[in-house]
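*Asks:* First the structure, then my questions, so here it is.
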Amino acid sequence: MPDEYRIGRLNGGFVVTWWEDGKRRRYRLDALSRKEAEAAAIDVIRRETVKDAAPTVATIWDLYRQEKAGRRIAAAMAFEWKAVGPHFGHLRPDQVTIDHCRAYTALRRAAGKHDGTIWTELGHLRTVFIWAQQRRLIDHAPAVERPPKPAPKDRWLTEAEIATLLAADMAPHIRLAIMLMLGTAGRVSAILELTWDRVDFKANWINLRTSDTGPRKGRAAVPMNAGLRAALSQAKEARLTDYVIEWGGEPVKRIKTGFNAAVKNAGLTGVSPHVLRHTAAVHLVANGADMERVSQYLGHSSVDVTRRVYGRFAPEHLQKEADILDFASRAKIVS
């Protein structure tokens, strides 16, 4: 994209103008307001400046990341490009075939990567293609074949295991992060991004969303329970930053090392931060919490997602159906 462009008015409408190779280029925008014109101008410039260059996967991947700058997906895709780039970067989207995708899957498996990682990487590639088609950077988004999505791990902690974990030797900020993940059912990313201005002691609420508009995936505003409120009150008195999870006067970006050490000290296995979110959800459902409320607590986009994943943990899940099939009792068959 050109470094400078200008949005102006012409014959009652909006136009965007920029210079390219010493020549002025101007295009009419389909916009009714200045704000709409700003967004439309970016699409026009990208379409017109990339069109003649026969964009490669590398080009549109980078353009997509520019649009998502500041969001977690942009950082994740910068890391993923180290694997995706050498395999797909030099190709144009219309050159990408199913064989390329299968070769990539085989290559990543040979490097010891799990199908879940490969599924995500190729999923981002597909997202980029669809985005490029919507922005009219390419005429058609090619099909991207991914390995089957692995079944989710079904590890969750019992109350006894939770007590053991919380009693284990660990740094204070790790314990607070664990309590927050269990008490809010929040993802570790949401917990590490939580700031004190979103912990409302007066209203007794914690808002895991960074703003009114997002990110929203898996994030909700939830009340504090007594144990979490006490821990947060103590932490706030000693705070040195605006972030709830801090260490050495600095926000904490990752807790993998400290978390794994705590799990090891507790004598547990197969426990990741996501297991704590899963644990919270299982305990809510198993104790009879309304599925709509559980969905809201988890920040799910639809209660159907909650039912599909956690319905089997409900105390009476499918019991009525099982009773219908109890032919032996109705026939009074006794072994």
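Each chain of the structure tokens is named A, B, ... in the order shown, its residues numbered from 1; ligands are numbered from 1 in display order.
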Please identify all polymer residues within 8 Å of range 304-314 of chain A, counting only C-alpha atoms, omitting same-chain residues fewer than 3 positions from it, and present them as a list in words.
*Replies:*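 Surrounding residues, per the criterion: Ala281, Val282, Val285, Ala286, Asn287, Gly288, Met291, Val294, Ser295, His300, Ser301, His317 and Leu318 of chain A.
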*Asks:* Fewer than 4 positions away in the same chain doesn't count, so skip those; otherwise give me all residues within 9 Å of Ala141 in chain A, counting only C-alpha atoms, as a count of residues only.
*Replies:* 9
*Asks:* Can you list, as a ChimeraX atom specification, every protein, DNA or RNA residue that comes within 7 Å of Gly183 in chain A when you count only C-alpha atoms, leaving out same-chain residues fewer than 3 positions away?
*Replies:* /A:179-180,228
*Asks:* Between A:Thr127, A:Asn204, A:Thr269, A:Asn11, which one has atoms that come closest to Val222 in chain A, using only C-alpha atoms?
*Replies:* A:Asn204
*Asks:* Tell me which protein, DNA and RNA residues are within 7 Å of Ala185 in chain A, counting only C-alpha atoms, leaving out same-chain ones fewer than 3 positions away, and put them as a ChimeraX atom specification.
*Replies:* /A:181-182,277,280-281,298
*Asks:* Would you save the residues of that selection, restricted to N, CA and C atoms, as a PDB file, in the first residue's frame?
*Replies:*
```
ATOM      1  N   MET A 181      -8.502 -18.645  36.870  1.00  0.00           N
ATOM      2  CA  MET A 181      -8.944 -19.548  35.812  1.00  0.00           C
ATOM      3  C   MET A 181     -10.047 -20.470  36.302  1.00  0.00           C
ATOM      4  N   LEU A 182      -9.915 -20.943  37.534  1.00  0.00           N
ATOM      5  CA  LEU A 182     -10.942 -21.830  38.091  1.00  0.00           C
ATOM      6  C   LEU A 182     -12.194 -21.056  38.475  1.00  0.00           C
ATOM      7  N   ARG A 277     -10.045 -24.363  32.726  1.00  0.00           N
ATOM      8  CA  ARG A 277     -11.308 -23.849  32.161  1.00  0.00           C
ATOM      9  C   ARG A 277     -12.294 -25.002  31.972  1.00  0.00           C
ATOM     10  N   ALA A 280     -13.666 -26.075  35.348  1.00  0.00           N
ATOM     11  CA  ALA A 280     -14.708 -25.183  35.850  1.00  0.00           C
ATOM     12  C   ALA A 280     -16.045 -25.487  35.187  1.00  0.00           C
ATOM     13  N   ALA A 281     -16.024 -25.684  33.888  1.00  0.00           N
ATOM     14  CA  ALA A 281     -17.263 -25.950  33.157  1.00  0.00           C
ATOM     15  C   ALA A 281     -17.876 -27.285  33.579  1.00  0.00           C
ATOM     16  N   LEU A 298     -19.081 -19.150  30.357  1.00  0.00           N
ATOM     17  CA  LEU A 298     -17.938 -19.514  29.520  1.00  0.00           C
ATOM     18  C   LEU A 298     -17.700 -18.530  28.382  1.00  0.00           C
TER      19      LEU A 298
END
```
*Asks:* Please determine, counting only C-alpha atoms, which residue among A:Arg102, A:Lys153, A:His173, A:Lys68 has the shortest atom-to-atom distance to Trp119 in chain A.
*Replies:*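 Counting only C-alpha atoms, the residue closest to Trp119 in chain A is A:Arg102.
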*Asks:* Taking only range 197-263 of chain A into account, list the residues labelled helix (DSSP H, G or I) by DSSP (computed from the backbone), as a PDB file with C-alpha atoms, in the first residue's frame.
*Replies:*
```
ATOM      1  CA  ASP A 197      -9.996  -1.410  36.239  1.00  0.00           C
ATOM      2  CA  ARG A 198     -12.050  -4.429  35.156  1.00  0.00           C
ATOM      3  CA  ALA A 226     -15.783 -15.369  48.225  1.00  0.00           C
ATOM      4  CA  GLY A 227     -12.430 -17.124  47.903  1.00  0.00           C
ATOM      5  CA  LEU A 228     -11.481 -15.288  44.732  1.00  0.00           C
ATOM      6  CA  ARG A 229     -12.570 -11.941  46.146  1.00  0.00           C
ATOM      7  CA  ALA A 230     -10.358 -12.418  49.207  1.00  0.00           C
ATOM      8  CA  ALA A 231      -7.351 -13.360  47.068  1.00  0.00           C
ATOM      9  CA  LEU A 232      -7.883 -10.406  44.729  1.00  0.00           C
ATOM     10  CA  SER A 233      -8.320  -7.960  47.607  1.00  0.00           C
ATOM     11  CA  GLN A 234      -4.978  -9.050  49.035  1.00  0.00           C
ATOM     12  CA  ALA A 235      -3.277  -8.868  45.639  1.00  0.00           C
ATOM     13  CA  LYS A 236      -4.617  -5.398  44.942  1.00  0.00           C
ATOM     14  CA  GLU A 237      -3.097  -4.023  48.157  1.00  0.00           C
ATOM     15  CA  LYS A 256       3.904 -21.888  31.315  1.00  0.00           C
ATOM     16  CA  THR A 257       7.067 -22.537  33.335  1.00  0.00           C
ATOM     17  CA  GLY A 258       5.585 -21.576  36.693  1.00  0.00           C
ATOM     18  CA  PHE A 259       2.316 -23.356  35.988  1.00  0.00           C
ATOM     19  CA  ASN A 260       4.021 -26.593  34.956  1.00  0.00           C
ATOM     20  CA  ALA A 261       6.188 -26.438  38.081  1.00  0.00           C
ATOM     21  CA  ALA A 262       3.087 -26.064  40.256  1.00  0.00           C
ATOM     22  CA  VAL A 263       1.422 -29.031  38.555  1.00  0.00           C
TER      23      VAL A 263
END
```
*Asks:* Provide the CA of Thr279 in chain A to CA of Trp156 in chain A distance in Å, to one decimal place.
*Replies:*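 It comes out at 4.7 Å.
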*Asks:* With distances taken over only C-alpha atoms, which residue among A:Arg9, A:Arg71, A:Lys320, A:Arg219 lies nearest Asn207 in chain A?
*Replies:* A:Arg219
*Asks:* Enter the distance from CA of Ile42 in chain A to CA of Val15 in chain A, in Å, rounded to one decimal.
*Replies:*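 Answer for the CA of Ile42 in chain A to CA of Val15 in chain A separation: 11.6 Å.
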*Asks:* Between A:Lys202, A:Ile138, A:Glu145, A:Arg155, which is the closest to His100 in chain A once you count only C-alpha atoms?
*Replies:*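 That would be A:Glu145, the residue with the smallest distance to His100 in chain A.
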*Asks:* With only C-alpha atoms as the atoms that count, which of A:Arg146, A:Met77, A:Arg108, A:Glu246 lies nearest to Leu122 in chain A?
*Replies:*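 Once distances to Leu122 in chain A are computed over only C-alpha atoms, the minimum belongs to A:Arg146.
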*Asks:* Return as a list in words the full set of residues in range 16-208 of chain A whose backbone-based DSSP assignment is strand (DSSP E).
*Replies:*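 The strand (DSSP E) subset of range 16-208 of chain A is Val16, Thr17, Trp18, Trp19, Glu20, Lys23, Arg24, Arg25, Arg26, Tyr27, Arg28, Leu29, Val199, Asp200, Trp205, Ile206 and Asn207 of chain A.
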*Asks:* Env of Thr195 in chain A: 8 Å cut, atoms = only C-alpha atoms, seq-sep filter 5 positions within chain, self excluded. Answer as number ranges by chain.
*Replies:* A: 242-244
